[in-house]
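Colleague: Structure supplied as final30.csv; contents: CSV, C-alpha atoms and all ligand atoms.
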```csv
chain,number,residue,atom,x,y,z
A,1146,MET,CA,183.8,81.9,77.3
A,1147,ARG,CA,181.3,84.7,77.1
A,1148,ARG,CA,182.2,88.3,76.1
A,1149,VAL,CA,180.2,91.4,75.5
A,1150,ARG,CA,181.2,93.9,72.8
A,1151,TYR,CA,179.3,96.2,70.5
A,1152,TYR,CA,179.6,96.4,66.7
A,1153,GLU,CA,177.7,99.6,66.1
A,1154,TYR,CA,177.2,102.8,68.2
A,1155,GLY,CA,173.8,103.2,69.8
A,1156,GLY,CA,171.7,102.5,72.9
A,1157,PRO,CA,172.4,99.8,75.5
A,1158,GLU,CA,170.8,97.2,73.2
A,1159,VAL,CA,173.9,97.2,70.9
A,1160,LEU,CA,175.8,95.4,73.6
A,1161,THR,CA,176.1,91.9,72.3
A,1162,ALA,CA,177.0,88.8,74.2
A,1163,GLU,CA,179.0,86.2,72.2
A,1164,ASP,CA,180.9,83.0,72.8
A,1165,VAL,CA,184.6,83.2,72.0
A,1166,ASP,CA,187.9,81.5,72.9
A,1167,GLN,CA,189.7,82.7,75.9
A,1168,PRO,CA,192.2,85.4,75.0
A,1169,VAL,CA,195.9,84.7,75.3
A,1170,PRO,CA,198.0,87.0,77.5
A,1171,GLN,CA,200.9,88.6,75.6
A,1172,ALA,CA,204.2,89.9,77.0
A,1173,GLY,CA,203.7,91.8,80.2
A,1174,GLN,CA,200.1,90.6,80.5
A,1175,VAL,CA,198.1,88.3,82.6
A,1176,LEU,CA,194.8,86.5,82.1
A,1177,LEU,CA,192.2,86.9,84.8
A,1178,ARG,CA,189.1,84.7,85.6
A,1179,ALA,CA,186.7,87.5,86.3
A,1180,GLU,CA,184.7,87.4,89.5
A,1181,ALA,CA,183.2,91.0,89.2
A,1182,ILE,CA,183.5,93.8,86.7
A,1183,GLY,CA,182.9,97.4,87.8
A,1184,VAL,CA,180.9,99.2,85.1
A,1185,ASN,CA,182.0,102.8,84.5
A,1186,PHE,CA,180.1,105.8,83.1
A,1187,VAL,CA,182.6,106.6,80.4
A,1188,ASP,CA,181.8,103.3,78.6
A,1189,THR,CA,178.2,104.4,78.2
A,1190,ARG,CA,179.4,107.4,76.3
A,1191,PHE,CA,181.9,105.4,74.2
A,1192,ARG,CA,179.1,103.0,73.3
A,1193,SER,CA,176.7,105.9,72.3
A,1194,GLY,CA,179.3,107.0,69.8
A,1195,PRO,CA,180.9,110.2,68.6
A,1196,GLY,CA,177.7,112.2,69.0
A,1197,SER,CA,178.3,112.0,72.8
A,1198,GLY,CA,181.1,114.6,72.4
A,1199,SER,CA,184.6,114.6,70.9
A,1200,ILE,CA,186.2,113.3,74.1
A,1201,PHE,CA,184.2,110.1,73.9
A,1202,HIS,CA,185.4,108.6,70.6
A,1203,ARG,CA,186.4,104.9,70.5
A,1204,PRO,CA,186.6,102.8,67.3
A,1205,LEU,CA,184.5,99.8,66.5
A,1206,PRO,CA,184.2,97.1,67.5
A,1207,GLY,CA,183.6,98.5,71.0
A,1208,ARG,CA,185.6,96.7,73.7
A,1209,PRO,CA,184.1,98.1,77.0
A,1210,THR,CA,186.6,98.9,79.7
A,1211,GLY,CA,185.9,97.9,83.3
A,1212,ASP,CA,187.3,97.5,86.8
A,1213,VAL,CA,187.9,93.8,86.9
A,1214,VAL,CA,188.3,91.7,90.0
A,1215,GLY,CA,189.6,88.2,89.4
A,1216,THR,CA,192.1,85.5,89.8
A,1217,VAL,CA,195.2,85.2,87.6
A,1218,THR,CA,195.0,82.0,85.6
A,1219,ARG,CA,197.8,82.5,83.1
A,1220,VAL,CA,200.7,84.8,82.6
A,1221,GLY,CA,202.3,86.1,79.4
A,1222,PRO,CA,206.0,86.1,78.6
A,1223,GLY,CA,208.1,88.1,81.1
A,1224,VAL,CA,205.5,88.0,83.9
A,1225,GLU,CA,206.2,86.3,87.2
A,1226,PRO,CA,204.5,82.8,87.2
A,1227,GLN,CA,203.9,83.2,91.0
A,1228,LEU,CA,201.1,85.6,90.1
A,1229,VAL,CA,199.0,82.6,89.1
A,1230,GLY,CA,196.3,82.0,91.7
A,1231,ARG,CA,196.4,85.6,93.1
A,1232,ARG,CA,193.2,87.6,93.5
A,1233,VAL,CA,193.8,91.0,91.9
A,1234,ALA,CA,192.0,94.1,90.5
A,1235,ALA,CA,192.7,95.8,87.2
A,1236,LEU,CA,191.4,98.4,84.8
A,1237,ALA,CA,191.1,96.5,81.5
A,1238,GLU,CA,189.7,96.6,78.0
A,1239,ASP,CA,187.3,93.9,76.7
A,1240,ALA,CA,186.4,93.7,80.3
A,1241,TYR,CA,182.8,92.5,80.1
A,1242,ALA,CA,183.9,88.8,79.9
A,1243,ASP,CA,184.5,85.6,81.8
A,1244,TYR,CA,188.2,85.9,81.2
A,1245,VAL,CA,190.0,89.2,80.7
A,1246,VAL,CA,193.6,90.2,79.8
A,1247,ALA,CA,195.2,92.9,82.0
A,1248,GLU,CA,198.6,94.6,82.2
A,1249,ALA,CA,200.7,93.0,84.9
A,1250,LEU,CA,202.3,96.3,85.7
A,1251,TRP,CA,199.1,97.8,87.0
A,1252,LEU,CA,197.5,95.0,88.9
A,1253,ALA,CA,196.3,95.9,92.4
A,1254,ALA,CA,196.7,93.2,95.0
A,1255,VAL,CA,193.4,92.5,96.7
A,1256,PRO,CA,193.6,92.2,100.5
A,1257,ASP,CA,192.2,89.0,102.0
A,1258,HIS,CA,188.4,89.1,102.7
A,1259,LEU,CA,187.8,92.3,100.7
A,1260,ASP,CA,184.4,92.0,99.0
A,1261,ALA,CA,184.0,92.4,95.2
A,1262,GLY,CA,182.6,95.9,95.5
A,1263,ASP,CA,185.5,97.3,97.4
A,1264,ALA,CA,188.0,95.3,95.4
A,1265,SER,CA,186.5,96.7,92.2
A,1266,MET,CA,187.6,100.2,93.3
A,1267,LEU,CA,191.3,99.5,93.8
A,1268,ALA,CA,192.7,99.9,90.3
A,1269,MET,CA,190.9,102.9,89.0
A,1270,SER,CA,188.0,104.6,90.8
A,1271,ALA,CA,189.6,105.0,94.2
A,1272,PRO,CA,193.0,106.0,92.8
A,1273,VAL,CA,191.3,108.8,90.9
A,1274,ALA,CA,189.2,109.8,93.9
A,1275,LEU,CA,192.3,110.1,96.1
A,1276,ARG,CA,194.6,111.7,93.5
A,1277,ILE,CA,192.1,114.5,92.5
A,1278,LEU,CA,192.1,115.6,96.1
A,1279,ARG,CA,195.9,115.5,96.3
A,1280,ALA,CA,196.1,117.3,92.9
A,1281,ALA,CA,194.0,120.0,94.6
A,1282,GLN,CA,196.5,120.1,97.4
A,1283,LEU,CA,193.9,119.7,100.1
A,1284,ASN,CA,194.8,121.3,103.4
A,1285,PRO,CA,193.2,120.3,106.7
A,1286,GLY,CA,190.0,122.4,107.2
A,1287,ASP,CA,189.5,123.1,103.5
A,1288,THR,CA,186.0,123.4,102.2
A,1289,VAL,CA,185.5,121.0,99.3
A,1290,LEU,CA,182.8,121.0,96.7
A,1291,ILE,CA,182.4,117.6,95.0
A,1292,HIS,CA,180.1,117.3,92.0
A,1293,ALA,CA,178.3,114.1,91.1
A,1294,ALA,CA,179.0,113.0,94.6
A,1295,ALA,CA,176.6,110.0,94.5
A,1296,GLY,CA,178.5,108.4,91.6
A,1297,GLY,CA,181.2,105.7,91.7
A,1298,ILE,CA,184.2,108.0,92.0
A,1299,GLY,CA,182.1,110.8,93.8
A,1300,HIS,CA,181.1,108.7,96.8
A,1301,LEU,CA,184.7,107.7,97.4
A,1302,ALA,CA,185.9,111.3,96.9
A,1303,VAL,CA,183.5,112.4,99.7
A,1304,GLN,CA,185.0,109.8,102.1
A,1305,PHE,CA,188.6,110.6,101.1
A,1306,ALA,CA,188.0,114.3,101.6
A,1307,LYS,CA,186.9,113.7,105.2
A,1308,PHE,CA,189.7,111.2,105.7
A,1309,LEU,CA,192.3,113.7,104.5
A,1310,GLY,CA,191.0,116.3,107.0
A,1311,ALA,CA,188.7,118.5,104.9
A,1312,GLY,CA,186.4,120.9,106.8
A,1313,THR,CA,183.0,121.2,105.2
A,1314,VAL,CA,182.4,118.8,102.4
A,1315,ILE,CA,179.6,119.8,100.0
A,1316,GLY,CA,178.4,117.1,97.6
A,1317,THR,CA,176.1,117.7,94.6
A,1318,ALA,CA,173.8,115.2,92.9
A,1319,ARG,CA,170.4,115.1,91.2
A,1320,SER,CA,167.4,113.7,93.0
A,1321,SER,CA,166.5,113.5,96.7
A,1322,SER,CA,167.5,109.9,97.1
A,1323,LYS,CA,171.0,110.6,95.8
A,1324,LEU,CA,171.3,113.6,98.2
A,1325,ASP,CA,170.4,111.3,101.1
A,1326,PHE,CA,173.1,108.9,99.9
A,1327,VAL,CA,175.7,111.7,99.6
A,1328,ARG,CA,175.0,112.7,103.2
A,1329,ALA,CA,175.1,109.1,104.3
A,1330,VAL,CA,178.7,108.6,102.9
A,1331,GLY,CA,179.8,111.6,104.9
A,1332,ALA,CA,179.1,115.0,103.1
A,1333,ASP,CA,178.2,117.8,105.5
A,1334,VAL,CA,175.9,119.4,102.9
A,1335,ALA,CA,174.2,117.9,99.9
A,1336,ILE,CA,172.8,120.1,97.1
A,1337,ASP,CA,170.7,119.3,94.1
A,1338,TYR,CA,172.6,120.9,91.2
A,1339,ALA,CA,169.6,120.5,88.9
A,1340,GLN,CA,168.1,123.4,90.8
A,1341,PRO,CA,169.0,126.7,89.1
A,1342,ASP,CA,169.9,128.3,92.5
A,1343,TRP,CA,172.4,125.6,93.4
A,1344,PRO,CA,175.3,128.1,93.4
A,1345,ASP,CA,173.5,130.3,95.9
A,1346,GLN,CA,173.0,127.2,98.1
A,1347,VAL,CA,176.7,126.5,98.0
A,1348,ARG,CA,177.4,130.2,98.9
A,1349,ALA,CA,175.0,129.8,101.9
A,1350,ALA,CA,176.9,126.8,103.0
A,1351,ALA,CA,180.4,128.3,102.4
A,1352,PRO,CA,180.0,132.1,102.6
A,1353,GLY,CA,183.8,132.6,102.1
A,1354,GLY,CA,183.8,130.5,99.0
A,1355,VAL,CA,185.1,126.9,98.5
A,1356,ASP,CA,188.8,126.0,98.6
A,1357,ILE,CA,188.5,123.1,96.3
A,1358,VAL,CA,186.1,122.0,93.5
A,1359,LEU,CA,186.2,118.5,92.0
A,1360,ASP,CA,184.4,118.4,88.7
A,1361,ALA,CA,183.8,115.8,86.0
A,1362,VAL,CA,180.5,117.2,84.8
A,1363,GLY,CA,181.6,120.2,82.8
A,1364,GLY,CA,179.3,122.7,81.0
A,1365,THR,CA,177.6,125.3,83.1
A,1366,ILE,CA,178.3,123.3,86.3
A,1367,LEU,CA,182.0,123.9,85.8
A,1368,GLN,CA,181.6,127.5,84.8
A,1369,SER,CA,179.5,128.4,87.9
A,1370,SER,CA,181.9,126.4,90.1
A,1371,LEU,CA,184.8,128.6,89.2
A,1372,ASP,CA,182.9,131.6,90.5
A,1373,LEU,CA,182.4,129.8,93.8
A,1374,LEU,CA,186.2,129.4,94.5
A,1375,ALA,CA,187.7,131.4,97.4
A,1376,PRO,CA,190.9,133.3,96.9
A,1377,PHE,CA,193.7,130.7,96.3
A,1378,GLY,CA,190.9,128.2,95.5
A,1379,ARG,CA,191.7,125.2,93.2
A,1380,ALA,CA,189.4,123.4,90.8
A,1381,VAL,CA,190.4,119.9,89.5
A,1382,VAL,CA,188.7,119.0,86.2
A,1383,TYR,CA,188.9,115.2,85.5
A,1384,GLY,CA,186.1,114.6,83.0
A,1385,ALA,CA,183.0,116.1,81.3
A,1386,ALA,CA,179.9,113.9,81.7
A,1387,THR,CA,177.9,116.5,79.8
A,1388,GLY,CA,180.3,116.2,76.9
A,1389,GLU,CA,180.5,120.0,77.0
A,1390,LEU,CA,184.1,121.0,76.9
A,1391,GLU,CA,184.4,124.5,78.3
A,1392,GLN,CA,186.6,127.3,77.4
A,1393,ILE,CA,187.8,128.6,80.7
A,1394,PRO,CA,187.9,132.4,80.6
A,1395,VAL,CA,191.3,133.4,81.9
A,1396,VAL,CA,189.7,136.4,83.5
A,1397,LYS,CA,188.0,134.0,86.0
A,1398,LEU,CA,191.4,133.0,87.3
A,1399,PHE,CA,192.5,136.6,88.1
A,1400,ALA,CA,190.8,136.3,91.5
A,1401,LEU,CA,193.7,134.0,92.7
A,1402,ARG,CA,192.0,130.9,91.4
A,1403,SER,CA,193.6,128.0,89.6
A,1404,VAL,CA,192.4,125.0,87.5
A,1405,THR,CA,194.2,121.7,87.2
A,1406,GLY,CA,193.4,118.8,85.0
A,1407,PHE,CA,193.7,115.1,85.9
A,1408,ASN,CA,193.7,111.9,84.0
A,1409,LEU,CA,194.7,108.5,85.5
A,1410,THR,CA,196.7,107.3,82.4
A,1411,ALA,CA,198.7,110.6,82.4
A,1412,TRP,CA,199.3,110.3,86.1
A,1413,ARG,CA,200.5,106.7,85.9
A,1414,HIS,CA,203.0,107.7,83.1
A,1415,ALA,CA,204.2,110.8,84.9
A,1416,SER,CA,204.6,109.3,88.4
A,1417,PRO,CA,204.4,105.5,88.2
A,1418,ASP,CA,206.0,104.8,91.6
A,1419,GLN,CA,203.7,107.2,93.4
A,1420,ALA,CA,200.7,105.9,91.5
A,1421,ARG,CA,201.5,102.3,92.6
A,1422,HIS,CA,202.2,103.4,96.2
A,1423,GLU,CA,198.7,105.0,96.3
A,1424,MET,CA,197.1,101.8,95.1
A,1425,ASP,CA,198.7,100.0,98.1
A,1426,GLU,CA,197.7,102.8,100.4
A,1427,ILE,CA,194.1,102.5,99.2
A,1428,ALA,CA,194.0,98.7,99.6
A,1429,ASP,CA,195.2,99.2,103.2
A,1430,LEU,CA,192.4,101.7,103.9
A,1431,PHE,CA,189.7,99.4,102.5
A,1432,ALA,CA,191.2,96.4,104.4
A,1433,ALA,CA,191.1,98.5,107.6
A,1434,GLY,CA,187.4,99.3,107.0
A,1435,ARG,CA,188.1,103.0,106.6
A,1436,LEU,CA,186.6,103.3,103.2
A,1437,ARG,CA,183.5,101.6,101.9
A,1438,THR,CA,181.9,101.1,98.5
A,1439,THR,CA,178.2,101.0,98.1
A,1440,VAL,CA,177.1,98.5,95.4
A,1441,HIS,CA,173.9,99.7,93.8
A,1442,ALA,CA,173.4,96.6,91.7
A,1443,GLY,CA,175.2,93.3,90.9
A,1444,LEU,CA,174.0,91.9,87.6
A,1445,PRO,CA,174.8,88.8,85.5
A,1446,LEU,CA,177.3,89.4,82.7
A,1447,THR,CA,174.6,89.0,80.0
A,1448,GLN,CA,172.7,92.0,81.6
A,1449,ALA,CA,175.4,94.5,80.7
A,1450,ALA,CA,172.7,96.5,78.8
A,1451,THR,CA,170.8,96.9,82.1
A,1452,ALA,CA,173.9,98.2,83.8
A,1453,HIS,CA,174.3,100.8,81.1
A,1454,GLU,CA,170.7,101.8,81.4
A,1455,LEU,CA,171.0,102.3,85.1
A,1456,ILE,CA,174.0,104.6,84.5
A,1457,GLU,CA,172.4,106.5,81.6
A,1458,THR,CA,169.2,107.1,83.4
A,1459,ARG,CA,171.3,108.5,86.3
A,1460,SER,CA,169.6,106.2,88.7
A,1461,HIS,CA,172.6,104.6,90.4
A,1462,THR,CA,174.3,105.5,93.7
A,1463,GLY,CA,177.8,104.1,94.0
A,1464,ARG,CA,179.0,101.1,92.1
A,1465,ILE,CA,177.4,98.8,89.5
A,1466,LEU,CA,178.9,95.4,89.1
A,1467,LEU,CA,178.6,92.7,86.5
A,1468,LEU,CA,179.0,89.3,88.1
A,1469,PRO,CA,180.0,86.5,85.7
A,1470,ASP,CA,179.0,83.7,88.1
A,1471,ALA,CA,175.5,85.2,88.7
A,1472,ARG,CA,172.7,83.5,86.8
A,1473,SER,CA,170.4,85.4,84.5
A,1474,THR,CA,166.8,85.5,85.6
B,1501,LIG,N1,190.2,111.6,84.6
B,1501,LIG,C1,190.2,110.3,84.8
B,1501,LIG,O1,191.2,109.6,84.8
B,1501,LIG,C2,188.9,109.6,84.9
B,1501,LIG,C3,188.8,108.2,85.2
B,1501,LIG,C4,187.6,107.7,85.4
B,1501,LIG,C5,186.4,108.4,85.3
B,1501,LIG,N2,186.5,109.7,85.0
B,1501,LIG,C6,185.3,110.6,84.9
B,1501,LIG,O2,184.8,110.7,86.2
B,1501,LIG,C7,183.4,110.9,86.2
B,1501,LIG,C8,182.8,109.9,87.2
B,1501,LIG,O3,183.0,108.6,86.7
B,1501,LIG,P1,182.1,107.3,87.3
B,1501,LIG,O4,182.4,106.2,86.4
B,1501,LIG,O5,182.3,107.3,88.7
B,1501,LIG,O6,180.6,107.8,86.9
B,1501,LIG,P2,179.4,108.1,87.9
B,1501,LIG,O7,179.7,109.3,88.7
B,1501,LIG,O8,179.0,106.9,88.6
B,1501,LIG,O9,178.3,108.5,86.9
B,1501,LIG,C9,178.3,109.8,86.2
B,1501,LIG,C10,177.4,110.8,87.0
B,1501,LIG,O10,177.6,112.0,86.4
B,1501,LIG,C11,176.4,112.8,86.7
B,1501,LIG,N3,176.1,113.6,85.5
B,1501,LIG,C12,176.1,114.9,85.4
B,1501,LIG,N4,175.8,115.4,84.2
B,1501,LIG,C13,175.4,114.3,83.5
B,1501,LIG,C14,174.9,114.1,82.2
B,1501,LIG,N5,174.7,115.1,81.4
B,1501,LIG,N6,174.7,112.9,81.8
B,1501,LIG,C15,174.9,111.8,82.6
B,1501,LIG,N7,175.4,111.9,83.8
B,1501,LIG,C16,175.6,113.2,84.3
B,1501,LIG,C17,175.3,111.8,87.1
B,1501,LIG,O11,175.0,112.0,88.5
B,1501,LIG,P3,173.7,113.0,88.9
B,1501,LIG,O12,172.5,112.3,88.3
B,1501,LIG,O13,173.8,113.0,90.3
B,1501,LIG,O14,174.0,114.3,88.2
B,1501,LIG,C18,176.0,110.5,86.9
B,1501,LIG,O15,175.5,109.6,87.9
B,1501,LIG,C19,183.0,110.7,84.7
B,1501,LIG,O16,182.8,111.9,84.1
B,1501,LIG,C20,184.2,110.0,84.1
B,1501,LIG,O17,184.3,110.2,82.7
B,1501,LIG,C21,187.7,110.3,84.8
```
Could the structure of this file be written out as structure tokens, please?

Modeller:
Amino acid sequence: MRRVRYYEYGGPEVLTAEDVDQPVPQAGQVLLRAEAIGVNFVDTRFRSGPGSGSIFHRPLPGRPTGDVVGTVTRVGPGVEPQLVGRRVAALAEDAYADYVVAEALWLAAVPDHLDAGDASMLAMSAPVALRILRAAQLNPGDTVLIHAAAGGIGHLAVQFAKFLGAGTVIGTARSSSKLDFVRAVGADVAIDYAQPDWPDQVRAAAPGGVDIVLDAVGGTILQSSLDLLAPFGRAVVYGAATGELEQIPVVKLFALRSVTGFNLTAWRHASPDQARHEMDEIADLFAAGRLRTTVHAGLPLTQAATAHELIETRSHTGRILLLPDARST
């Protein structure tokens, strides 16, 4: 089978396709024949190496993670054999491959007829998008500011915010085509946060301040966002695409503001039953057509470098997929 890893840090060109034996699932694991692999931003940073920022360190050889959609072909010891033949989704390591090992405990069942784009969101991106809004304790009518709203998680967070009853939803992104996309997925206001006056544009749209900020950009974007919070406003920080880890001045919180962190692994450990319940809840929403994923590009497995280039040049809207059955051109 084919697998893509990297053996040195660097640009997308370090991603190396190789022929290897199928991996063998160990206790608690399953083997999936991959139909689609959702490519995530964080792996472009891991691949670039420690220079991307201290939160982005992964040892070599690099085994990219990904949101795999596939069919179970084998189970490891202690796993129900009835899983064989089921179409599932999973966040897995060594994911850019024809066959991928995943933890049985965190498989998401894929509803019938769900396409690969929607299915690729079930295990990780959609659970994060939903949970960050719940971590923010969204109340009906709240004004929500969502940064990087054209991205994989961002475009789902916009839809979840509306679905959960938010009032005004403000999405930020860079470039006019992304702003059009952010409006198309349901944001009331779309603002280019590459413009220096973006905080003033948010103030114009939400004169009383915003109730919720969702941020995985960090740096000055996070700092300025804290100043935009209304009294009792909540910011949820779930990443730092800039690699800039901010010190949050406590004085900024005196105006009745709070900041919460979120990480999916921590959430799964802390509240496994609720985390699993939310995966089922999300699958039902997709199956009912109440959420939709926009697939920016579906690429052959051997074009993983192109997938990383699209993400690094910040040119994608929504999801990028690797499709093992697609032929290279
Ligand atoms: N906490 C968790 O459990 C968890 C899980 C998964 C992902 N995450 C984080 O969630 C965020 C979104 O993940 P995703 O996979 O859906 O990515 P994505 O949003 O599809 O891509 C990242 C986006 O970040 C924006 N960005 C802002 N500053 C950037 C910079 N300096 N360099 C590059 N991009 C920058 C870009 O949008 P613009 O061009 O519009 O600015 C880019 O499209 C990431 O920060 C990721 O690390 C957290």

Colleague: Let me have all residues with an atom within 6 Å of ligand LIG 1501 (chain B), counting all atoms listed in the file, laid out as a compact mmCIF listing (two decimals) with C-alpha atoms, keeping the file's coordinate frame.

Modeller:
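Heads up, here's the output in out_35.txt:
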```
# COMPACT_ATOMS: atom_id res chain seq x y z
CA ASN A 1185 182.00 102.80 84.50
CA PHE A 1186 180.10 105.80 83.10
CA VAL A 1187 182.60 106.60 80.40
CA ALA A 1293 178.30 114.10 91.10
CA ALA A 1295 176.60 110.00 94.50
CA GLY A 1296 178.50 108.40 91.60
CA GLY A 1297 181.20 105.70 91.70
CA ILE A 1298 184.20 108.00 92.00
CA GLY A 1299 182.10 110.80 93.80
CA ALA A 1318 173.80 115.20 92.90
CA ARG A 1319 170.40 115.10 91.20
CA ALA A 1361 183.80 115.80 86.00
CA VAL A 1362 180.50 117.20 84.80
CA TYR A 1383 188.90 115.20 85.50
CA GLY A 1384 186.10 114.60 83.00
CA ALA A 1385 183.00 116.10 81.30
CA ALA A 1386 179.90 113.90 81.70
CA THR A 1387 177.90 116.50 79.80
CA PHE A 1407 193.70 115.10 85.90
CA ASN A 1408 193.70 111.90 84.00
CA LEU A 1409 194.70 108.50 85.50
CA GLU A 1457 172.40 106.50 81.60
CA ARG A 1459 171.30 108.50 86.30
```

Colleague: Quick one: residues within 8 Å of Gly1310 (chain A), all atoms listed in the file, excluding same-chain residues fewer than 5 positions away - as a PDB file with C-alpha atoms, in the frame of the given file?

Modeller:
```
ATOM      1  CA  ASN A1284     194.800 121.300 103.400  1.00  0.00           C
ATOM      2  CA  PRO A1285     193.200 120.300 106.700  1.00  0.00           C
ATOM      3  CA  GLY A1286     190.000 122.400 107.200  1.00  0.00           C
ATOM      4  CA  ASP A1287     189.500 123.100 103.500  1.00  0.00           C
TER       5      ASP A1287
END
```

Colleague: What does the structure give for the distance between CA of Ala1281 (chain A) and CA of Ile1357 (chain A), in Å to one decimal?

Modeller: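 For CA of Ala1281 (chain A) relative to CA of Ile1357 (chain A), the distance reads 6.5 Å.
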
Colleague: Using only C-alpha atoms for the distances, tell me which of A:Arg1464, A:Arg1328, A:Arg1148, A:His1453 is nearest to Phe1191 (chain A).

Modeller: A:His1453

Colleague: Work out how far CA of Val1404 (chain A) is from CA of Arg1348 (chain A), in Å to one decimal.

Modeller: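 Distance reported for this atom pair: 19.5 Å.
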
Colleague: Tell me, in Å to one decimal, how far CA of Thr1161 (chain A) is from CA of Leu1236 (chain A).

Modeller: 20.8 Å

Colleague: Using all atoms listed in the file, pick whichever of A:Arg1178, A:Arg1402, A:Arg1421, A:His1441 has the shortest atom-to-atom distance to Ser1460 (chain A).

Modeller: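 That would be A:His1441, the residue with the smallest distance to Ser1460 (chain A).
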
Colleague: Near Ala1449 (chain A), counting only C-alpha atoms, which residues have an atom at most 9 Å away, once you skip same-chain residues fewer than 5 positions from it, shown as a short mmCIF file (atom, residue, chain, number, x, y, z; two decimals) with C-alpha atoms, in the frame of the given file?

Modeller:
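part06.cif was written with the following content:
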```cif
data_model
loop_
_atom_site.label_atom_id
_atom_site.label_comp_id
_atom_site.auth_asym_id
_atom_site.auth_seq_id
_atom_site.Cartn_x
_atom_site.Cartn_y
_atom_site.Cartn_z
CA VAL A 1149 180.20 91.40 75.50
CA PRO A 1157 172.40 99.80 75.50
CA LEU A 1160 175.80 95.40 73.60
CA THR A 1161 176.10 91.90 72.30
CA ALA A 1162 177.00 88.80 74.20
CA VAL A 1184 180.90 99.20 85.10
CA TYR A 1241 182.80 92.50 80.10
CA LEU A 1444 174.00 91.90 87.60
CA GLU A 1454 170.70 101.80 81.40
CA LEU A 1467 178.60 92.70 86.50
#
```

Colleague: Choose the residue, out of A:Val1381, A:Leu1390, A:Ala1271, A:Val1217, that has the smallest atom-to-atom separation from Ile1200 (chain A); count all atoms listed in the file.

Modeller: A:Leu1390

Colleague: Please identify all polymer residues within 8 Å of Ile1182 (chain A), counting all atoms listed in the file, omitting same-chain residues fewer than 5 positions from it, and present them as JSON, numbers by chain.

Modeller: {"A": [1211, 1212, 1213, 1214, 1240, 1241, 1265, 1466, 1467, 1468]}

Colleague: Quick one: residues within 10 Å of Tyr1338 (chain A), only C-alpha atoms counted, chain neighbours fewer than 4 positions away excluded, as a list of chain:residue names?

Modeller: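 Surrounding residues, per the criterion: A:His1292, A:Ala1293, A:Gly1316, A:Thr1317, A:Ala1318, A:Arg1319, A:Ser1320, A:Asp1342, A:Trp1343, A:Pro1344, A:Gln1346, A:Val1347, A:Ile1366.
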
Colleague: For the residues in the current selection, export C-alpha atoms as an mmCIF file, in the coordinates of the input.

Modeller:
```
data_model
loop_
_atom_site.group_PDB
_atom_site.id
_atom_site.type_symbol
_atom_site.label_atom_id
_atom_site.label_comp_id
_atom_site.auth_asym_id
_atom_site.auth_seq_id
_atom_site.Cartn_x
_atom_site.Cartn_y
_atom_site.Cartn_z
ATOM 1 C CA HIS A 1292 180.100 117.300 92.000
ATOM 2 C CA ALA A 1293 178.300 114.100 91.100
ATOM 3 C CA GLY A 1316 178.400 117.100 97.600
ATOM 4 C CA THR A 1317 176.100 117.700 94.600
ATOM 5 C CA ALA A 1318 173.800 115.200 92.900
ATOM 6 C CA ARG A 1319 170.400 115.100 91.200
ATOM 7 C CA SER A 1320 167.400 113.700 93.000
ATOM 8 C CA ASP A 1342 169.900 128.300 92.500
ATOM 9 C CA TRP A 1343 172.400 125.600 93.400
ATOM 10 C CA PRO A 1344 175.300 128.100 93.400
ATOM 11 C CA GLN A 1346 173.000 127.200 98.100
ATOM 12 C CA VAL A 1347 176.700 126.500 98.000
ATOM 13 C CA ILE A 1366 178.300 123.300 86.300
#
```

Colleague: Give as number ranges by chain every residue, naming chains and numbers as the document does, that has an atom within 12 Å of (184.6, 97.2, 71.7), counting all atoms listed in the file.

Modeller: A: 1148-1154, 1159-1162, 1188-1189, 1191-1194, 1202-1211, 1237-1242

Colleague: Dump C-alpha atoms for the selected residues as a tab-separated table (two decimals), keeping the file's coordinate frame?

Modeller:
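New file out29.tsv:
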```tsv
chain	number	residue	atom	x	y	z
A	1148	ARG	CA	182.20	88.30	76.10
A	1149	VAL	CA	180.20	91.40	75.50
A	1150	ARG	CA	181.20	93.90	72.80
A	1151	TYR	CA	179.30	96.20	70.50
A	1152	TYR	CA	179.60	96.40	66.70
A	1153	GLU	CA	177.70	99.60	66.10
A	1154	TYR	CA	177.20	102.80	68.20
A	1159	VAL	CA	173.90	97.20	70.90
A	1160	LEU	CA	175.80	95.40	73.60
A	1161	THR	CA	176.10	91.90	72.30
A	1162	ALA	CA	177.00	88.80	74.20
A	1188	ASP	CA	181.80	103.30	78.60
A	1189	THR	CA	178.20	104.40	78.20
A	1191	PHE	CA	181.90	105.40	74.20
A	1192	ARG	CA	179.10	103.00	73.30
A	1193	SER	CA	176.70	105.90	72.30
A	1194	GLY	CA	179.30	107.00	69.80
A	1202	HIS	CA	185.40	108.60	70.60
A	1203	ARG	CA	186.40	104.90	70.50
A	1204	PRO	CA	186.60	102.80	67.30
A	1205	LEU	CA	184.50	99.80	66.50
A	1206	PRO	CA	184.20	97.10	67.50
A	1207	GLY	CA	183.60	98.50	71.00
A	1208	ARG	CA	185.60	96.70	73.70
A	1209	PRO	CA	184.10	98.10	77.00
A	1210	THR	CA	186.60	98.90	79.70
A	1211	GLY	CA	185.90	97.90	83.30
A	1237	ALA	CA	191.10	96.50	81.50
A	1238	GLU	CA	189.70	96.60	78.00
A	1239	ASP	CA	187.30	93.90	76.70
A	1240	ALA	CA	186.40	93.70	80.30
A	1241	TYR	CA	182.80	92.50	80.10
A	1242	ALA	CA	183.90	88.80	79.90
```

Colleague: Using all atoms listed in the file, which of the listed residues (A:Val1334, A:Leu1252, A:Ala1264, A:Ala1432) sits closest to Ala1181 (chain A)?

Modeller: A:Ala1264

Colleague: Hey, which of A:Asp1360, A:Glu1391, A:Glu1248, A:Asp1164 ends up closest to Ile1277 (chain A)? Count only C-alpha atoms.

Modeller: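 Ranking A:Asp1360, A:Glu1391, A:Glu1248, A:Asp1164 by distance to Ile1277 (chain A), first place goes to A:Asp1360.
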